[in-house]
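*Asks:* Here it is, the structure in full.
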Amino acid sequence: MKQILSFTLNGEQVDLVVKPTETLLDVLRERLNFTGMKRGCDDGDCGTCTVLINGEPVRSCLTLALTAAGKDVVTIEGVAKDGKLHPIQKAFMDNGAVQCGFCTPAMVLVAKALLDKNPHPTRHDVVYYMSGNLCRCGCYDEIVDAVLAVANGKVKEA
Amino acid sequence: MAEYNYIGASLPRYDGEGRVTGKTVYVDDVIKPGMLYVKVFRSPVHKGVVKNIDASETLKVPGVAGIVTGKDVPGVNVGWFGDVPVFAETIRYQGQVVAGVVAVDEDTAAEGVAKLKVDIEEQTPVFDMFEAIKPGAPLVDPAAKSNYFEGWPKGNTFKMVLGDVEQGFKEADYIVEGDYSEGVQDHASMEPHASVAYLDEAGRLCVHTTSQCLAFQLRSLMAIFNRPLSKMRYIGGVVGGGFGGKNEIHTDHIAGVAALKFGKPIKYRETRREDLRFSTKRGAWVFHFKDGVTKDGRLVARYVEHWHDSGAYNTFSSYGIEKGSMFLSGPYWIPNILIEGHLVLTNKPVSSSMRGYTSSNGQYASEVQMTKIAQKLGMDPWELRFINAWRDGDLGASRYKVLGAGSIEAMKKTAELAGIKLPEHLMQLSSRRR
């Protein structure tokens, strides 16, 4: 039985008809073509499909689309505003935190969720909060450095 | 010192902004109107012959466009460096692709795969290299004489010779032997293998690929599709991690064959499970080392026999034996060396390149040998490594002259970073002179 799903996507109202079994990943990527977040394992392990729902990071591959009803969803496409990079995005570039880039959109979103709640995390806070997101290129140190650079106000306006 | 624009400077990545904003288009991000999807039927058995494929129930599933098999390949049914088929009629490993089902979405294609009736005559597989090389073992390649790769001048043995190893052992005061083995590794790049293929308005077959080596694979694909270069576009350059795992054709050929058959854009992507279970691996390796050393710690002879598990096909593993043999002296001057390498087929997923392909394989064995030798001599392992380390002008195992040697300097730096104070007589050594 298909249902109407209404939610806010990067600040804009979205209404569409979905099957109850459709995941948020499938709806965002395959139907709305917001391809910034990635389908990695499609099994909840790697974190590349992360989006924010009401500011909290979730794995969109494990989230049924209908659970987003009435909520505020942010994808990587909604992070840069008015053509200007978010400081976290700038910091990722400045700190060499980007290699193949497949994990990067999710890493940026998780970092944003953390800093929105806790603007001055310790290194341990960052590592702990981001431990659910994998980077096979292995630039974890640079990713943590980038997040801390933002927290310490070391990133110039992008 | 001269000022340089680029050397020593930290430059922003030219493609970094796309990656932090999500605008970079990876293959799976290519979405075409009217696109169809492929799911494949993988062999449940490790070895066998496909007798019949009955798609009658599959074709009744609403949304299924049809199937693709070896019969639909316009050119040669061989991909990957000349020996792995696009669609297998003879099964050499579990999970090998036999046929594909093309449908409006992946769930429908998967339902079609589940309803495909594939009749496979199962045969006895062999998994262990040393079982596979016994006389009378089941043959992985039915057309071969044995499970060895036999394409070298010495048949099933690749030989590399420097000096006279028997003479070297006579000069040695001690002989130190060791047996070592290395297991299988997967690349596990974050981006699973994926392809999108379609015919463009000029009749060219366009294939979006995750390939790490487009030039190699384009040639294979032209033969598979039976199309000249002017009728192909091979679009790559954005790779979500490769690590050597995207040096073969995993999905491009199947997507392309389906696009040609159905005249619609096709996406074929492997799941993480398919990728981990059935894609190429860094293959297993076994080494036997025999080193001859004098009382004062000079390596005078090394013999290594090594066996590499190729998996079900060669691809470029025979090249791996040749290249790998060259590195088995380690970064040490050994005047008498004999390396004998063997490549063995087994009914397992295909072995292939991975980070430091064949140059890192065997290095741990070589270094454990060095520590064993130091223990035997009662010598500091640092000292043993320093005195035997390559200097400029030494010969490597394949008789190449070593230039720009650096292991002594690297060891000094390593000791410094590890907080180890090396004795002064070692600190005075240099790779520039012996």
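Naming works like this for the structure tokens: A, B, ... for the chains as they're shown, residue 1 at the start of each chain, ligands 1 onward in shown order.
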Write down as a ChimeraX atom specification the residues belonging to chain A that are assigned helix (DSSP H, G or I) by DSSP computed on the backbone.
*Replies:* /A:24-31,60-62,65-68,76-78,87-94,104-117,123-129,140-151
*Asks:* Select from chain B every residue with an atom at most 9 Å from any atom of chain A, then for each give the shortest pair of atoms and their distance in Å to one decimal, using only C-alpha atoms, rows by chain and rising number, as a tab-separated table.
*Replies:*
residue	atom	partner	partner_atom	distance
B:Leu11	CA	A:Asp94	CA	8.9
B:Pro12	CA	A:Met93	CA	6.8
B:Arg13	CA	A:Met93	CA	7.2
B:Gly16	CA	A:Met93	CA	6.1
B:Glu17	CA	A:Met93	CA	7.3
B:Gly18	CA	A:Gly101	CA	8.8
B:Arg19	CA	A:Gly101	CA	5.3
B:Val20	CA	A:Gln89	CA	5.5
B:Thr21	CA	A:Ile76	CA	6.1
B:Gly22	CA	A:Gly36	CA	4.0
B:Lys23	CA	A:Gly36	CA	6.3
B:Thr24	CA	A:Gly36	CA	7.8
B:Val25	CA	A:Thr35	CA	8.1
B:Tyr26	CA	A:Phe102	CA	8.4
B:Asp28	CA	A:Arg39	CA	8.2
B:Asp29	CA	A:Thr35	CA	5.6
B:Val30	CA	A:Thr35	CA	8.7
B:Ile31	CA	A:Asn33	CA	7.7
B:His187	CA	A:Arg136	CA	8.8
B:Ala188	CA	A:Arg136	CA	7.3
B:Ser189	CA	A:Arg136	CA	6.0
B:Met190	CA	A:Gly40	CA	5.8
B:Glu191	CA	A:Gly40	CA	5.7
B:Pro192	CA	A:Gly40	CA	6.6
B:Val238	CA	A:Cys100	CA	8.0
B:Val239	CA	A:Cys100	CA	6.5
B:Gly240	CA	A:Cys100	CA	5.0
B:Gly241	CA	A:Cys100	CA	5.4
B:Gly242	CA	A:Cys100	CA	8.7
B:Phe243	CA	A:Cys137	CA	8.7
B:Thr271	CA	A:Cys41	CA	6.9
B:Arg272	CA	A:Cys41	CA	4.9
B:Arg273	CA	A:Cys41	CA	7.8
*Asks:* Could you name the residues that touch region 82-98 of chain B at 7 Å or less, counting only C-alpha atoms, but leaving out those on the same chain fewer than 5 positions away, as a PDB file with C-alpha atoms, in the first residue's frame?
*Replies:*
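part26.pdb, freshly written:
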ATOM      1  CA  VAL B  40      23.474 -11.697 -12.219  1.00  0.00           C
ATOM      2  CA  PHE B  41      23.111 -15.417 -11.655  1.00  0.00           C
ATOM      3  CA  ARG B  42      26.264 -16.649  -9.921  1.00  0.00           C
ATOM      4  CA  SER B  43      27.329 -20.264  -9.899  1.00  0.00           C
ATOM      5  CA  PRO B  44      26.422 -22.003  -6.640  1.00  0.00           C
ATOM      6  CA  VAL B  45      29.098 -24.657  -7.318  1.00  0.00           C
ATOM      7  CA  HIS B  46      32.884 -24.294  -7.348  1.00  0.00           C
ATOM      8  CA  LYS B  47      33.464 -26.285 -10.529  1.00  0.00           C
ATOM      9  CA  GLY B  48      31.185 -27.543 -13.269  1.00  0.00           C
ATOM     10  CA  VAL B  49      29.779 -27.179 -16.756  1.00  0.00           C
ATOM     11  CA  VAL B  50      26.645 -25.178 -17.594  1.00  0.00           C
ATOM     12  CA  THR B  69      24.335 -14.796 -21.554  1.00  0.00           C
ATOM     13  CA  GLY B  70      27.497 -15.653 -23.457  1.00  0.00           C
ATOM     14  CA  ASN B  77      33.389 -13.924 -24.566  1.00  0.00           C
ATOM     15  CA  VAL B 140      40.896 -26.156 -12.815  1.00  0.00           C
ATOM     16  CA  HIS B 253      31.429  -5.783 -19.995  1.00  0.00           C
ATOM     17  CA  ILE B 254      28.122  -7.057 -18.614  1.00  0.00           C
ATOM     18  CA  PHE B 278      33.576 -12.872  -5.491  1.00  0.00           C
ATOM     19  CA  ALA B 312      40.650 -19.714 -10.919  1.00  0.00           C
ATOM     20  CA  TYR B 313      42.412 -17.767 -13.695  1.00  0.00           C
ATOM     21  CA  THR B 315      44.893 -12.761 -15.364  1.00  0.00           C
ATOM     22  CA  ASN B 347      38.903 -23.211  -7.693  1.00  0.00           C
ATOM     23  CA  LYS B 348      38.801 -19.936  -5.800  1.00  0.00           C
ATOM     24  CA  PRO B 349      38.119 -16.253  -6.689  1.00  0.00           C
TER      25      PRO B 349
END
*Asks:* Could you make a table, as CSV, of the residues of region 46-76 of chain A that have an atom within 8 Å of an atom of region 17-20 of chain A, each with its nearest atom pair and distance in Å to one decimal, counting only C-alpha atoms, in chain and number order?
*Replies:*
residue,atom,partner,partner_atom,distance
A:Leu64,CA,A:Pro20,CA,7.3
A:Ala65,CA,A:Pro20,CA,7.5
A:Leu66,CA,A:Pro20,CA,6.6
*Asks:* Let me make sure I understand: among A:Val147, A:Ala69, A:Gly55, A:Ala111, which one has the smallest atom-to-atom distance to Leu16 (chain A) if we use only C-alpha atoms?
*Replies:*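 The answer is A:Ala69, which sits nearest to Leu16 (chain A).
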*Asks:* Enter the distance from CA of Val257 (chain B) to CA of Arg219 (chain B), in Å, rounded to one decimal.
*Replies:*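 If I compute the distance from CA of Val257 (chain B) to CA of Arg219 (chain B), I get 15.2 Å.
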